[in-house]
$ cat final-v4.txt   # compact mmCIF, C-alpha atoms (C1' of nucleotides)
# COMPACT_ATOMS: atom_id res chain seq x y z
CA MET F 1 2.65 -7.91 7.23
CA LEU F 2 2.50 -9.27 10.77
CA ILE F 3 3.90 -12.77 10.78
CA GLY F 4 5.94 -14.93 13.09
CA GLN F 5 5.72 -15.91 16.72
CA TYR F 6 7.51 -14.56 19.75
CA GLU F 7 7.58 -15.82 23.30
CA HIS F 8 7.44 -12.99 25.82
CA THR F 9 6.68 -12.67 29.49
CA ILE F 10 4.08 -10.69 31.35
CA ASP F 11 5.86 -8.99 34.21
CA ASN F 12 4.44 -8.58 37.69
CA LYS F 13 2.69 -5.40 36.63
CA LYS F 14 0.69 -7.09 33.88
CA ARG F 15 2.78 -5.46 31.22
CA LEU F 16 3.54 -7.27 27.98
CA ALA F 17 6.18 -6.15 25.49
CA LEU F 18 4.97 -6.45 21.92
CA PRO F 19 7.66 -7.70 19.54
CA ALA F 20 9.80 -4.88 18.22
CA LYS F 21 9.30 -6.09 14.67
CA PHE F 22 5.62 -5.28 14.87
CA ARG F 23 5.84 -1.85 16.42
CA GLY F 24 6.10 0.14 13.24
CA GLU F 25 2.88 -1.34 11.97
CA LEU F 26 1.04 -1.12 15.26
CA GLY F 27 1.44 2.57 15.96
CA ASP F 28 1.13 3.84 19.51
CA LYS F 29 -2.35 2.57 20.31
CA VAL F 30 -3.97 -0.78 19.65
CA ILE F 31 -7.28 -2.48 20.36
CA ILE F 32 -7.19 -5.67 22.37
CA THR F 33 -10.15 -7.99 22.77
CA LYS F 34 -11.24 -11.59 23.16
CA GLY F 35 -10.54 -14.04 20.38
CA ILE F 36 -11.91 -17.48 19.67
CA ASP F 37 -10.28 -20.50 21.35
CA SER F 38 -9.32 -18.58 24.48
CA CYS F 39 -6.75 -16.27 23.07
CA LEU F 40 -6.64 -12.50 22.83
CA VAL F 41 -6.59 -10.52 19.62
CA VAL F 42 -4.77 -7.26 19.00
CA TYR F 43 -5.81 -4.99 16.15
CA THR F 44 -4.27 -1.85 14.81
CA GLN F 45 -6.65 1.06 14.93
CA LYS F 46 -7.16 0.78 11.18
CA GLU F 47 -7.86 -2.93 11.21
CA TRP F 48 -10.23 -2.47 14.11
CA GLN F 49 -12.20 -0.01 12.06
CA ILE F 50 -12.65 -2.59 9.33
CA MET F 51 -13.40 -5.31 11.82
CA SER F 52 -16.03 -3.43 13.78
CA GLU F 53 -17.85 -2.45 10.63
CA LYS F 54 -18.05 -6.07 9.65
CA LEU F 55 -19.44 -6.95 13.03
CA GLY F 56 -22.02 -4.23 12.75
CA ASN F 57 -23.26 -5.47 9.41
CA LEU F 58 -23.92 -9.04 10.43
CA PRO F 59 -27.45 -10.27 9.84
CA ILE F 60 -29.13 -9.84 13.20
CA SER F 61 -31.72 -12.55 12.80
CA GLN F 62 -29.70 -15.31 14.35
CA SER F 63 -29.05 -15.10 18.01
CA GLU F 64 -25.40 -16.01 17.54
CA ALA F 65 -25.06 -13.14 15.15
CA ARG F 66 -26.18 -10.82 17.89
CA SER F 67 -24.12 -12.28 20.67
CA LEU F 68 -20.84 -12.32 18.77
CA PRO F 69 -20.53 -8.58 18.25
CA ARG F 70 -21.69 -8.00 21.80
CA VAL F 71 -18.99 -10.16 23.25
CA ILE F 72 -16.27 -8.90 20.95
CA LEU F 73 -17.13 -5.23 21.11
CA ALA F 74 -17.89 -5.14 24.80
CA SER F 75 -14.61 -6.87 25.60
CA ALA F 76 -12.54 -4.57 23.48
CA MET F 77 -10.15 -2.10 25.02
CA GLU F 78 -8.00 0.57 23.53
CA VAL F 79 -4.58 0.36 25.10
CA ALA F 80 -1.57 2.58 24.58
CA LEU F 81 1.95 1.31 24.08
CA ASP F 82 4.42 2.81 26.51
CA LYS F 83 7.75 4.18 25.38
CA LEU F 84 9.22 0.69 25.26
CA GLY F 85 6.39 -0.88 23.29
CA ARG F 86 4.60 -2.56 26.15
CA ILE F 87 0.87 -2.78 26.71
CA LEU F 88 -1.12 -3.30 29.86
CA ILE F 89 -3.43 -6.28 29.75
CA PRO F 90 -6.67 -5.77 31.72
CA ASP F 91 -7.46 -8.43 34.27
CA TYR F 92 -10.65 -9.68 32.67
CA LEU F 93 -8.82 -10.34 29.41
CA LYS F 94 -5.86 -11.87 31.17
CA ASN F 95 -8.21 -14.25 32.95
CA TYR F 96 -10.24 -15.01 29.85
CA ALA F 97 -7.15 -16.19 27.99
CA GLY F 98 -5.68 -17.87 31.05
CA LEU F 99 -2.48 -15.91 30.68
CA LYS F 100 0.24 -16.63 33.16
CA LYS F 101 3.79 -15.40 33.00
CA SER F 102 4.86 -16.84 29.69
CA VAL F 103 2.82 -15.96 26.59
CA VAL F 104 3.19 -16.32 22.85
CA VAL F 105 2.49 -13.43 20.49
CA CYS F 106 1.62 -14.52 16.96
CA GLY F 107 1.39 -12.38 13.85
CA LEU F 108 -1.62 -13.22 11.68
CA SER F 109 -0.99 -10.82 8.82
CA ASN F 110 -3.51 -8.16 9.82
CA ARG F 111 -3.65 -8.75 13.57
CA LEU F 112 -1.88 -10.34 16.51
CA GLU F 113 -3.00 -13.11 18.77
CA ILE F 114 -1.84 -13.57 22.33
CA TRP F 115 -1.82 -17.04 23.82
CA ASP F 116 -0.74 -18.51 27.08
CA ALA F 117 2.46 -20.34 26.17
CA GLU F 118 1.30 -23.76 27.29
CA LYS F 119 -2.10 -23.42 25.65
CA TRP F 120 -0.46 -22.39 22.40
CA GLU F 121 1.86 -25.39 22.44
CA GLU F 122 -1.09 -27.65 22.93
CA TYR F 123 -3.19 -26.00 20.25
CA ARG F 124 -0.32 -25.89 17.78
CA LYS F 125 0.45 -29.56 18.12
CA LYS F 126 -3.14 -30.53 17.50
CA ALA F 127 -3.55 -28.13 14.62
CA GLU F 128 -0.31 -29.10 12.92
CA LYS F 129 -1.37 -32.70 12.61
CA GLY F 130 -4.50 -31.74 10.74
CA ILE F 131 -2.69 -29.24 8.63
CA GLU F 132 0.04 -31.48 7.44
CA GLU F 133 -2.59 -33.47 5.61
CA ILE F 134 -3.98 -30.40 3.93
CA VAL F 135 -0.60 -29.06 2.97
CA SER F 136 0.69 -32.35 1.67
CA LYS F 137 -2.31 -32.53 -0.62
CA LEU F 138 -1.72 -29.02 -1.83
CA GLY F 139 2.00 -29.34 -2.26
CA PRO F 140 2.01 -31.19 -5.58
CA LEU F 141 -0.74 -28.95 -6.88
CA GLY F 142 1.49 -25.97 -7.08
CA ILE F 143 2.24 -24.48 -3.71
CA MET A 1 15.32 -20.07 -11.23
CA LEU A 2 16.49 -21.50 -7.95
CA ILE A 3 18.19 -24.83 -8.54
CA GLY A 4 21.07 -26.80 -7.15
CA GLN A 5 22.12 -27.74 -3.66
CA TYR A 6 24.76 -26.25 -1.42
CA GLU A 7 26.15 -27.36 1.89
CA HIS A 8 26.64 -24.47 4.28
CA THR A 9 27.21 -24.07 7.98
CA ILE A 10 25.26 -22.25 10.65
CA ASP A 11 27.77 -20.27 12.68
CA ASN A 12 27.64 -19.84 16.42
CA LYS A 13 25.35 -16.86 16.04
CA LYS A 14 22.66 -18.83 14.23
CA ARG A 15 23.51 -17.18 10.94
CA LEU A 16 23.24 -19.04 7.67
CA ALA A 17 24.72 -17.78 4.41
CA LEU A 18 22.37 -18.28 1.51
CA PRO A 19 24.16 -19.36 -1.67
CA ALA A 20 25.45 -16.39 -3.61
CA LYS A 21 23.83 -17.70 -6.76
CA PHE A 22 20.39 -17.21 -5.28
CA ARG A 23 20.83 -13.73 -3.87
CA GLY A 24 19.76 -11.79 -6.89
CA GLU A 25 16.46 -13.58 -6.98
CA LEU A 26 15.88 -13.48 -3.25
CA GLY A 27 16.13 -9.75 -2.73
CA ASP A 28 16.95 -8.42 0.70
CA LYS A 29 14.12 -10.01 2.64
CA VAL A 30 12.73 -13.52 2.55
CA ILE A 31 10.07 -15.52 4.36
CA ILE A 32 11.23 -18.61 6.17
CA THR A 33 8.82 -21.19 7.52
CA LYS A 34 8.27 -24.84 8.31
CA GLY A 35 8.09 -27.34 5.51
CA ILE A 36 6.90 -30.94 5.49
CA ASP A 37 9.38 -33.67 6.46
CA SER A 38 11.08 -31.47 9.05
CA CYS A 39 12.84 -29.08 6.74
CA LEU A 40 12.51 -25.31 6.42
CA VAL A 41 11.23 -23.49 3.37
CA VAL A 42 12.39 -20.09 2.17
CA TYR A 43 10.17 -18.00 -0.08
CA THR A 44 10.83 -14.74 -1.82
CA GLN A 45 8.40 -12.03 -0.83
CA LYS A 46 6.67 -12.42 -4.17
CA GLU A 47 6.28 -16.17 -3.87
CA TRP A 48 5.01 -15.77 -0.35
CA GLN A 49 2.37 -13.42 -1.60
CA ILE A 50 1.18 -16.01 -4.08
CA MET A 51 1.34 -18.67 -1.45
CA SER A 52 -0.70 -16.79 1.11
CA GLU A 53 -3.36 -15.95 -1.43
CA LYS A 54 -3.71 -19.63 -2.19
CA LEU A 55 -4.13 -20.33 1.46
CA GLY A 56 -6.92 -17.83 1.61
CA ASN A 57 -8.82 -19.63 -1.11
CA LEU A 58 -8.71 -23.10 0.31
CA PRO A 59 -11.98 -24.90 0.83
CA ILE A 60 -11.81 -25.80 4.48
CA SER A 61 -13.99 -26.31 7.50
CA GLN A 62 -14.69 -23.74 10.18
CA SER A 63 -12.14 -24.89 12.69
CA GLU A 64 -9.54 -25.38 9.99
CA ALA A 65 -10.27 -21.86 8.81
CA ARG A 66 -8.91 -20.67 12.12
CA SER A 67 -6.13 -23.12 12.68
CA LEU A 68 -4.64 -23.08 9.20
CA PRO A 69 -3.71 -19.41 9.04
CA ARG A 70 -2.70 -19.48 12.66
CA VAL A 71 -0.21 -22.25 12.24
CA ILE A 72 1.05 -21.23 8.83
CA LEU A 73 1.44 -17.55 9.58
CA ALA A 74 2.75 -18.03 13.07
CA SER A 75 5.36 -20.46 11.82
CA ALA A 76 6.61 -18.04 9.22
CA MET A 77 9.15 -15.31 9.81
CA GLU A 78 10.23 -12.45 7.67
CA VAL A 79 13.99 -12.26 7.86
CA ALA A 80 16.37 -9.78 6.32
CA LEU A 81 19.61 -10.74 4.58
CA ASP A 82 22.64 -8.95 5.95
CA LYS A 83 25.19 -7.37 3.66
CA LEU A 84 26.83 -10.72 3.09
CA GLY A 85 23.65 -12.58 2.26
CA ARG A 86 23.16 -14.30 5.58
CA ILE A 87 19.90 -14.82 7.43
CA LEU A 88 19.20 -15.38 11.08
CA ILE A 89 17.28 -18.55 11.80
CA PRO A 90 14.89 -18.24 14.76
CA ASP A 91 15.26 -20.84 17.47
CA TYR A 92 11.87 -22.41 17.04
CA LEU A 93 12.55 -23.06 13.38
CA LYS A 94 16.05 -24.28 14.03
CA ASN A 95 14.67 -26.76 16.51
CA TYR A 96 11.80 -27.81 14.30
CA ALA A 97 14.14 -28.80 11.50
CA GLY A 98 16.74 -30.22 13.86
CA LEU A 99 19.41 -28.02 12.37
CA LYS A 100 22.90 -28.41 13.73
CA LYS A 101 26.02 -26.91 12.30
CA SER A 102 25.96 -28.36 8.84
CA VAL A 103 22.91 -27.79 6.65
CA VAL A 104 21.98 -28.25 3.01
CA VAL A 105 20.27 -25.52 1.02
CA CYS A 106 18.33 -26.79 -1.99
CA GLY A 107 16.84 -24.76 -4.79
CA LEU A 108 13.36 -25.88 -5.82
CA SER A 109 12.73 -23.47 -8.67
CA ASN A 110 10.44 -21.08 -6.81
CA ARG A 111 11.67 -21.65 -3.28
CA LEU A 112 14.53 -22.95 -1.17
CA GLU A 113 14.55 -25.76 1.31
CA ILE A 114 16.89 -25.98 4.26
CA TRP A 115 17.76 -29.37 5.68
CA ASP A 116 20.01 -30.61 8.38
CA ALA A 117 22.88 -32.20 6.44
CA GLU A 118 22.48 -35.65 7.96
CA LYS A 119 18.73 -35.65 7.60
CA TRP A 120 19.10 -34.63 3.98
CA GLU A 121 21.50 -37.48 3.26
CA GLU A 122 19.09 -39.91 4.79
CA TYR A 123 16.10 -38.50 2.98
CA ARG A 124 17.90 -38.32 -0.32
CA LYS A 125 18.91 -41.96 -0.19
CA LYS A 126 15.40 -43.05 0.52
CA ALA A 127 13.93 -40.71 -2.04
CA GLU A 128 16.27 -41.71 -4.82
CA LYS A 129 15.19 -45.29 -4.52
CA GLY A 130 11.58 -44.23 -4.73
CA ILE A 131 12.21 -41.98 -7.67
CA GLU A 132 12.91 -44.79 -10.04
CA GLU A 133 9.43 -46.00 -9.39
CA ILE A 134 7.88 -42.61 -9.73
CA VAL A 135 9.74 -41.87 -12.92
CA SER A 136 8.69 -45.13 -14.44
CA LYS A 137 5.11 -44.17 -13.73
CA LEU A 138 5.47 -40.64 -14.96
CA GLY A 139 7.41 -41.57 -18.06
CA PRO A 140 4.42 -42.49 -20.16
CA LEU A 141 2.75 -39.26 -19.11
CA GLY A 142 5.33 -37.23 -20.93
CA ILE A 143 7.75 -36.04 -18.26
C1' DA Y 1 51.90 -20.19 -11.85
C1' DG Y 2 50.72 -15.91 -9.77
C1' DA Y 3 47.50 -12.28 -9.19
C1' DT Y 4 42.87 -10.98 -8.58
C1' DG Y 5 38.29 -11.42 -7.13
C1' DT Y 6 34.50 -13.59 -4.91
C1' DA Y 7 32.29 -16.49 -1.50
C1' DG Y 8 31.87 -18.61 3.02
C1' DT Y 9 33.09 -18.25 7.78
C1' DG Y 10 34.25 -16.06 12.04
C1' DG Y 11 34.58 -12.30 15.37
C1' DG Y 12 34.26 -7.35 17.67
C1' DT Y 13 31.57 -3.47 18.80
C1' DA Y 14 27.74 -0.52 19.25
C1' DG Y 15 22.97 -0.21 19.42
C1' DT Y 16 18.47 -2.21 20.40
C1' DT Y 17 15.25 -5.10 22.92
C1' DG Y 18 13.16 -7.41 26.75
C1' DT Y 19 12.70 -7.38 31.54
C1' DG Y 20 12.70 -5.61 36.11
C1' DG Y 21 12.43 -2.07 39.32
C1' DA Y 22 11.97 2.98 41.27
C1' DT Y 23 9.54 6.97 41.62
C1' DA Y 24 5.55 10.04 40.78
C1' DA Y 25 0.61 10.64 39.80
C1' DA Y 26 -4.08 8.93 40.36
C1' DT Y 27 -7.70 6.53 42.38
C1' DG Y 28 -10.39 4.72 45.88
C1' DT Y 29 -11.43 4.05 50.97
C1' DG Y 30 -11.98 4.73 55.78
C1' DC L 1 -8.97 14.79 54.62
C1' DA L 2 -5.36 11.28 55.24
C1' DC L 3 -4.08 6.97 54.00
C1' DA L 4 -3.38 2.90 51.27
C1' DT L 5 -3.48 0.80 46.93
C1' DT L 6 -3.29 1.00 42.23
C1' DT L 7 -1.77 3.06 37.79
C1' DA L 8 1.50 5.55 34.91
C1' DT L 9 6.02 7.42 33.72
C1' DC L 10 10.78 6.99 33.89
C1' DC L 11 15.20 4.78 34.27
C1' DA L 12 18.72 0.69 34.59
C1' DC L 13 20.50 -3.55 33.51
C1' DA L 14 21.57 -7.77 30.84
C1' DA L 15 21.03 -10.24 26.84
C1' DC L 16 20.69 -10.22 22.30
C1' DT L 17 20.97 -8.48 17.56
C1' DA L 18 22.70 -5.78 13.67
C1' DC L 19 26.38 -3.94 11.54
C1' DC L 20 30.98 -3.73 10.43
C1' DC L 21 35.36 -5.74 9.09
C1' DA L 22 39.06 -9.62 8.72
C1' DC L 23 40.57 -14.00 7.26
C1' DT L 24 40.78 -18.04 4.41
C1' DA L 25 39.63 -21.01 0.51
C1' DC L 26 38.48 -21.55 -3.91
C1' DA L 27 37.92 -20.13 -8.70
C1' DT L 28 39.06 -17.30 -12.62
C1' DC L 29 41.93 -14.79 -15.61
C1' DT L 30 46.01 -13.26 -17.51
$ encode --input "final-v4.txt" --output "structure tokens"
Amino acid sequence: MLIGQYEHTIDNKKRLALPAKFRGELGDKVIITKGIDSCLVVYTQKEWQIMSEKLGNLPISQSEARSLPRVILASAMEVALDKLGRILIPDYLKNYAGLKKSVVVCGLSNRLEIWDAEKWEEYRKKAEKGIEEIVSKLGPLGI
Amino acid sequence: MLIGQYEHTIDNKKRLALPAKFRGELGDKVIITKGIDSCLVVYTQKEWQIMSEKLGNLPISQSEARSLPRVILASAMEVALDKLGRILIPDYLKNYAGLKKSVVVCGLSNRLEIWDAEKWEEYRKKAEKGIEEIVSKLGPLGI
DNA sequence: AGATGTAGTGGGTAGTTGTGGATAAATGTG
DNA sequence: CACATTTATCCACAACTACCCACTACATCT
């Protein structure tokens, strides 16, 4: 299971080292694409399979339902890990997520998300406030 | 059953020995994550499984559906116990809980909590006062 | 009380990881 | 076709981590 967060840097060749803990699960090729909230998403080949099937089976009546797979699929890229577990992030994705030097790689059980470090901090702070309420309600109920 | 509290120290390599009494139940890998009230929570792999399934079934809004797993999963870390039952506490968790050298490890039946020793003292004093009230309310309910 | 065993703490060493750079192949351009 | 710029492969360093073992304190047992 992919969990945890790691702060890594994109070097001057646009390379990003994926956390060593994840490598076993990731294999030697991954799919990287746009995520929601201006982050990037990294799927294993297997998870991508599942994901793209889901996207293909969306009801096509709504216009959003058509645009979502277009954006996600068209943005996707298969990238290989080099011998040291680094991937190359294409410019258009790097720009989309506003990645600078310092980024955060988060494990989300079946996929990774890549955030610009500052953006992540911001997002996390906001999200944690809302979540504490939810969790504190759930706590006594058995979690 | 994980019960009791132990005061342990984090050595200069960020290692924390988990109480020997708990080791059998914990196995060789645990999940450590943020808790409420600036403490850390340690789950066994099994308990984490249960926990994450519950999270999946929460009735929540769209934006929460994204932020909740992000924050919860990203905050968590799978850490292995070394041969002497110690775990390595990642920096971001150590900072979150304000852990210094001396910490308190509490058993809470299905999980552990890790507190900075001073914070725990403070919290305990406050909580014990409140408990009298709570108990007096719960008493008639059969606890 | 002394011996024995276990637990908590501390440290040394070897291996791994993250980062940066060097060199070779590939691509595009004038 | 030659050149410049980009892309890929390889290697080097420093920092960190994992693994191993040693020491001390406390508890237990004889």
$ calpha_fit_and_write --input "final-v4.txt" --fixed "chain F" --moving "chain A" --output "JSON list (two decimals) with C-alpha atoms, in the frame of the given file"
[["chain", "number", "residue", "atom", "x", "y", "z"],
["A", 1, "MET", "CA", 3.61, -7.53, 7.67],
["A", 2, "LEU", "CA", 3.35, -9.07, 11.09],
["A", 3, "ILE", "CA", 5.09, -12.43, 11.12],
["A", 4, "GLY", "CA", 7.15, -14.51, 13.48],
["A", 5, "GLN", "CA", 6.71, -15.56, 17.06],
["A", 6, "TYR", "CA", 8.26, -14.19, 20.22],
["A", 7, "GLU", "CA", 8.20, -15.42, 23.77],
["A", 8, "HIS", "CA", 7.73, -12.61, 26.25],
["A", 9, "THR", "CA", 6.79, -12.31, 29.88],
["A", 10, "ILE", "CA", 3.96, -10.51, 31.61],
["A", 11, "ASP", "CA", 5.48, -8.64, 34.54],
["A", 12, "ASN", "CA", 3.88, -8.30, 37.93],
["A", 13, "LYS", "CA", 1.97, -5.25, 36.77],
["A", 14, "LYS", "CA", 0.20, -7.11, 33.97],
["A", 15, "ARG", "CA", 2.32, -5.40, 31.35],
["A", 16, "LEU", "CA", 3.35, -7.17, 28.18],
["A", 17, "ALA", "CA", 6.02, -5.87, 25.83],
["A", 18, "LEU", "CA", 5.02, -6.24, 22.21],
["A", 19, "PRO", "CA", 7.91, -7.29, 19.98],
["A", 20, "ALA", "CA", 9.91, -4.31, 18.81],
["A", 21, "LYS", "CA", 9.66, -5.49, 15.23],
["A", 22, "PHE", "CA", 5.93, -4.95, 15.24],
["A", 23, "ARG", "CA", 5.82, -1.52, 16.82],
["A", 24, "GLY", "CA", 6.07, 0.52, 13.69],
["A", 25, "GLU", "CA", 3.05, -1.17, 12.23],
["A", 26, "LEU", "CA", 1.04, -1.15, 15.43],
["A", 27, "GLY", "CA", 1.11, 2.56, 16.13],
["A", 28, "ASP", "CA", 0.52, 3.78, 19.64],
["A", 29, "LYS", "CA", -2.88, 2.22, 20.24],
["A", 30, "VAL", "CA", -4.17, -1.25, 19.49],
["A", 31, "ILE", "CA", -7.36, -3.22, 20.02],
["A", 32, "ILE", "CA", -7.06, -6.38, 22.04],
["A", 33, "THR", "CA", -9.85, -8.93, 22.23],
["A", 34, "LYS", "CA", -10.72, -12.58, 22.62],
["A", 35, "GLY", "CA", -9.81, -15.01, 19.90],
["A", 36, "ILE", "CA", -10.94, -18.57, 19.28],
["A", 37, "ASP", "CA", -9.10, -21.39, 21.07],
["A", 38, "SER", "CA", -8.54, -19.30, 24.19],
["A", 39, "CYS", "CA", -5.97, -16.90, 22.86],
["A", 40, "LEU", "CA", -6.09, -13.12, 22.56],
["A", 41, "VAL", "CA", -6.02, -11.19, 19.31],
["A", 42, "VAL", "CA", -4.42, -7.79, 18.79],
["A", 43, "TYR", "CA", -5.53, -5.59, 15.91],
["A", 44, "THR", "CA", -4.18, -2.31, 14.68],
["A", 45, "GLN", "CA", -6.77, 0.44, 14.71],
["A", 46, "LYS", "CA", -7.03, 0.18, 10.95],
["A", 47, "GLU", "CA", -7.56, -3.57, 10.95],
["A", 48, "TRP", "CA", -10.12, -3.22, 13.68],
["A", 49, "GLN", "CA", -12.01, -0.77, 11.56],
["A", 50, "ILE", "CA", -12.15, -3.26, 8.73],
["A", 51, "MET", "CA", -13.09, -5.99, 11.11],
["A", 52, "SER", "CA", -15.95, -4.12, 12.71],
["A", 53, "GLU", "CA", -17.37, -3.15, 9.35],
["A", 54, "LYS", "CA", -17.44, -6.80, 8.39],
["A", 55, "LEU", "CA", -19.29, -7.57, 11.55],
["A", 56, "GLY", "CA", -21.87, -5.00, 10.66],
["A", 57, "ASN", "CA", -22.56, -6.69, 7.35],
["A", 58, "LEU", "CA", -23.07, -10.19, 8.58],
["A", 59, "PRO", "CA", -26.31, -11.91, 7.69],
["A", 60, "ILE", "CA", -27.62, -12.91, 11.08],
["A", 61, "SER", "CA", -30.83, -13.43, 12.96],
["A", 62, "GLN", "CA", -32.50, -10.91, 15.22],
["A", 63, "SER", "CA", -31.18, -12.19, 18.50],
["A", 64, "GLU", "CA", -27.73, -12.68, 17.05],
["A", 65, "ALA", "CA", -27.88, -9.12, 15.79],
["A", 66, "ARG", "CA", -27.93, -8.05, 19.41],
["A", 67, "SER", "CA", -25.64, -10.58, 20.95],
["A", 68, "LEU", "CA", -22.89, -10.50, 18.35],
["A", 69, "PRO", "CA", -21.92, -6.85, 18.69],
["A", 70, "ARG", "CA", -22.43, -7.04, 22.41],
["A", 71, "VAL", "CA", -20.03, -9.86, 22.93],
["A", 72, "ILE", "CA", -17.50, -8.79, 20.34],
["A", 73, "LEU", "CA", -17.38, -5.14, 21.30],
["A", 74, "ALA", "CA", -17.58, -5.74, 25.01],
["A", 75, "SER", "CA", -14.72, -8.21, 24.82],
["A", 76, "ALA", "CA", -12.51, -5.76, 23.01],
["A", 77, "MET", "CA", -10.37, -3.12, 24.66],
["A", 78, "GLU", "CA", -8.48, -0.24, 23.22],
["A", 79, "VAL", "CA", -5.11, -0.15, 24.90],
["A", 80, "ALA", "CA", -2.28, 2.30, 24.52],
["A", 81, "LEU", "CA", 1.37, 1.30, 24.18],
["A", 82, "ASP", "CA", 3.63, 2.97, 26.70],
["A", 83, "LYS", "CA", 6.91, 4.54, 25.67],
["A", 84, "LEU", "CA", 8.59, 1.16, 25.69],
["A", 85, "GLY", "CA", 5.98, -0.59, 23.60],
["A", 86, "ARG", "CA", 4.18, -2.38, 26.39],
["A", 87, "ILE", "CA", 0.44, -2.86, 26.77],
["A", 88, "LEU", "CA", -1.66, -3.49, 29.82],
["A", 89, "ILE", "CA", -3.76, -6.62, 29.61],
["A", 90, "PRO", "CA", -7.13, -6.32, 31.38],
["A", 91, "ASP", "CA", -7.91, -8.99, 33.93],
["A", 92, "TYR", "CA", -10.87, -10.46, 32.13],
["A", 93, "LEU", "CA", -8.79, -11.04, 29.03],
["A", 94, "LYS", "CA", -5.86, -12.37, 30.98],
["A", 95, "ASN", "CA", -8.15, -14.87, 32.62],
["A", 96, "TYR", "CA", -9.92, -15.79, 29.41],
["A", 97, "ALA", "CA", -6.67, -16.77, 27.75],
["A", 98, "GLY", "CA", -5.25, -18.32, 30.90],
["A", 99, "LEU", "CA", -2.17, -16.16, 30.67],
["A", 100, "LYS", "CA", 0.48, -16.67, 33.29],
["A", 101, "LYS", "CA", 3.93, -15.22, 33.27],
["A", 102, "SER", "CA", 5.23, -16.59, 30.03],
["A", 103, "VAL", "CA", 3.32, -15.88, 26.83],
["A", 104, "VAL", "CA", 3.91, -16.23, 23.10],
["A", 105, "VAL", "CA", 3.18, -13.40, 20.69],
["A", 106, "CYS", "CA", 2.58, -14.55, 17.12],
["A", 107, "GLY", "CA", 2.36, -12.41, 14.02],
["A", 108, "LEU", "CA", -0.43, -13.41, 11.66],
["A", 109, "SER", "CA", 0.16, -10.92, 8.87],
["A", 110, "ASN", "CA", -2.65, -8.51, 9.74],
["A", 111, "ARG", "CA", -2.93, -9.20, 13.45],
["A", 112, "LEU", "CA", -1.17, -10.63, 16.48],
["A", 113, "GLU", "CA", -2.18, -13.50, 18.67],
["A", 114, "ILE", "CA", -1.22, -13.85, 22.30],
["A", 115, "TRP", "CA", -1.04, -17.30, 23.83],
["A", 116, "ASP", "CA", -0.07, -18.66, 27.16],
["A", 117, "ALA", "CA", 3.31, -20.28, 26.48],
["A", 118, "GLU", "CA", 2.29, -23.76, 27.60],
["A", 119, "LYS", "CA", -1.01, -23.65, 25.77],
["A", 120, "TRP", "CA", 0.79, -22.55, 22.64],
["A", 121, "GLU", "CA", 3.24, -25.44, 22.84],
["A", 122, "GLU", "CA", 0.38, -27.85, 23.20],
["A", 123, "TYR", "CA", -1.62, -26.31, 20.40],
["A", 124, "ARG", "CA", 1.35, -26.10, 18.09],
["A", 125, "LYS", "CA", 2.17, -29.77, 18.49],
["A", 126, "LYS", "CA", -1.35, -30.78, 17.71],
["A", 127, "ALA", "CA", -1.64, -28.34, 14.86],
["A", 128, "GLU", "CA", 1.60, -29.33, 13.21],
["A", 129, "LYS", "CA", 0.44, -32.89, 12.93],
["A", 130, "GLY", "CA", -2.77, -31.73, 11.34],
["A", 131, "ILE", "CA", -0.99, -29.42, 8.97],
["A", 132, "GLU", "CA", 0.56, -32.19, 6.98],
["A", 133, "GLU", "CA", -2.91, -33.33, 6.15],
["A", 134, "ILE", "CA", -4.15, -29.89, 5.34],
["A", 135, "VAL", "CA", -1.16, -29.12, 3.18],
["A", 136, "SER", "CA", -1.56, -32.31, 1.26],
["A", 137, "LYS", "CA", -5.12, -31.27, 0.51],
["A", 138, "LEU", "CA", -4.24, -27.73, -0.35],
["A", 139, "GLY", "CA", -1.24, -28.63, -2.45],
["A", 140, "PRO", "CA", -3.16, -29.42, -5.60],
["A", 141, "LEU", "CA", -5.06, -26.17, -5.20],
["A", 142, "GLY", "CA", -1.94, -24.17, -5.77],
["A", 143, "ILE", "CA", -0.77, -23.11, -2.32]]
$ interface_residues --input "final-v4.txt" --of "chain A" --to "chain F" --cutoff "9 Å" --atoms "only C-alpha atoms" --output "list of chain:residue names"
A:Thr33, A:Ile36, A:Ile50, A:Met51, A:Lys54, A:Glu64, A:Arg66, A:Ser67, A:Leu68, A:Pro69, A:Arg70, A:Val71, A:Ile72, A:Leu73, A:Ala74, A:Ser75, A:Ala76, A:Met77, A:Glu78, A:Tyr92
$ residues_around --input "final-v4.txt" --residues "DT4 in chain Y" --least-positions-apart "3" --cutoff "12 Å" --atoms "only C-alpha atoms (C1' of nucleotides)" --output "PyMOL selection string"
chain L and resi 27-30
$ residues_near_point --input "final-v4.txt" --point "(8.2, 3.8, 43.7)" --cutoff "12 Å" --atoms "all atoms listed in the file" --output "PDB file with C-alpha atoms (C1' of nucleotides), in the coordinates of the input"
ATOM      1  C1'  DG Y  21      12.430  -2.070  39.320  1.00  0.00           C
ATOM      2  C1'  DA Y  22      11.970   2.980  41.270  1.00  0.00           C
ATOM      3  C1'  DT Y  23       9.540   6.970  41.620  1.00  0.00           C
ATOM      4  C1'  DA Y  24       5.550  10.040  40.780  1.00  0.00           C
ATOM      5  C1'  DA Y  25       0.610  10.640  39.800  1.00  0.00           C
TER       6       DA Y  25
ATOM      7  C1'  DT L   6      -3.290   1.000  42.230  1.00  0.00           C
ATOM      8  C1'  DT L   7      -1.770   3.060  37.790  1.00  0.00           C
ATOM      9  C1'  DA L   8       1.500   5.550  34.910  1.00  0.00           C
ATOM     10  C1'  DT L   9       6.020   7.420  33.720  1.00  0.00           C
ATOM     11  C1'  DC L  10      10.780   6.990  33.890  1.00  0.00           C
ATOM     12  C1'  DC L  11      15.200   4.780  34.270  1.00  0.00           C
TER      13       DC L  11
END
